[in-house]
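K.L.:
Got a structure for you, written out below as structure tokens; questions coming shortly.
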Amino acid sequence: MLVQFLLHMKHSGLKISTTEWLDLIAALQVGDSVTTIEDFYLLARTCTVKDESLYDKYDKAFSSFFDGVRALPDPFEFNLPEDWLNNPTLNNLTDAEKAAIEALGGIEKLMEMLNERLQEQKERHQGGSKWVGTGGTSPFGHSGYNPEGVRIGGPGRHGKAVKVWEQRHYKNLDNSVELGTRNIKVALRALRNFARTGSSEELDLDDTIRSTAKNAGLLDVKMRPERHNAVKILLLLDVGGSMDYHVKESEELFSACQSEFKHLKHFYFHNFTYDHLWLDNRMHRHNLTALSDIIHTYGRDYKLIFVGDAAMSPYEIVSPFGSIDFMNERPGAFYFKQLSEHFDKAVWLNPTPQDQWGYVQSIGIIQKLLEDRMYPLTLEGISQSIKALA
């Protein structure tokens, strides 16, 4: 299998040397710490991929080779039999039937009821209104309809779930993507603030000419510190979910920022910011960076740029335990306020067309939190955000 895996990696465009491959084999022979597919994923990446820009290519190759092989931890202690959530009969409700379904009264009530169902349920259910199952109008399961539910397994259909019970994986943005338009880079360039700092020196031609002329032609060389790009950017990128439809625009912006700003740091989040962010989407649950560490590491002089469609359940912003992925003890707005108050300048770039913002409640909430410093991810929107940051 290892030989086939190596050949698959090479066919996928990864240049893996013999030395790197022997290192992987040697690591596998030491101890028995590799017991899950994720353990092997990390070990193989550490031994064979030396450039972070190749992580996405590695992830794609690894995923295609081990398609269907998973060993993922569940966020709850209950292990639902797989057949309870398989082969659903999709339930198509009329508008009148959907209107008759009432919400459960908030995220706290929803999670309390889920715990009761898991304690009581003894068999598979399909098409009902109470138990964890498929189809129907129950708030727990998948492939049915409920205005406020917890999706467990299966694909989302209506985008109504306020929490999702699954291990979510997101794709890192590729900073080598070719830009669709060079104008994005030109717009960003307006933010660059050049300053003469540091000890390195360069020839000051104008001053040398003036000084030499004053000395009646006797050469008088003048030096000055080199100019450095002094602007600092902290880029926070929303990934996964509805942002999958905006990957191209996000990658173009990410690529442009990489080329234009020397002092650029980036982190990922999903939907909204909580008490942590992450650098690697594939293993984000195991490599989280605390929000407090980010605030203490990056000074107030960093300019903060959020990139996301801001489309989510309002619970994610205003309610404890409202995150669709995490059990946040405080509302997302609490952590968002910590970020926006720490950094002197902050803006939000939204890839959703601006004429659609009024239909999404969460967008309006975030606009108020940022005092209307949300701009569309367009050339004009980027130019407006640059003015706000500068």
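Residues in the structure tokens are named by chain (A, B, ... in the order shown) and by number from 1 within that chain; ligands are numbered from 1 in the order shown.
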Run DSSP on the backbone and tell me which residues of region 282-363 of chain A come out as strand (DSSP E); list them as a ChimeraX atom specification.

P.N.:
/A:288-290,303-307,345-350

K.L.:
What is the distance, in Å and to one decimal place, between CA of Ala310 (chain A) and CA of Phe326 (chain A)?

P.N.:
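Result for CA of Ala310 (chain A) versus CA of Phe326 (chain A): 17.3 Å, one decimal.
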
K.L.:
When you look at Pro351 (chain A) with a cut-off of 12 Å (counting only C-alpha atoms), what residues show up, excluding the ones that are within fewer than 2 positions of it in the same chain? I need them as an NGL selection string.

P.N.:
:A and (237-238 or 242-253 or 306-311 or 348-349 or 353-357 or 363 or 374-379 or 381-382)

K.L.:
Work out how far apart CA of Lys345 (chain A) and CA of Gln384 (chain A) are and give it in Å to one decimal.

P.N.:
13.3 Å

K.L.:
Name all residues at most 7 Å from Pro320 (chain A) (count only C-alpha atoms; drop same-chain ones fewer than 6 positions away) and give them as a ChimeraX atom specification.

P.N.:
/A:328-331
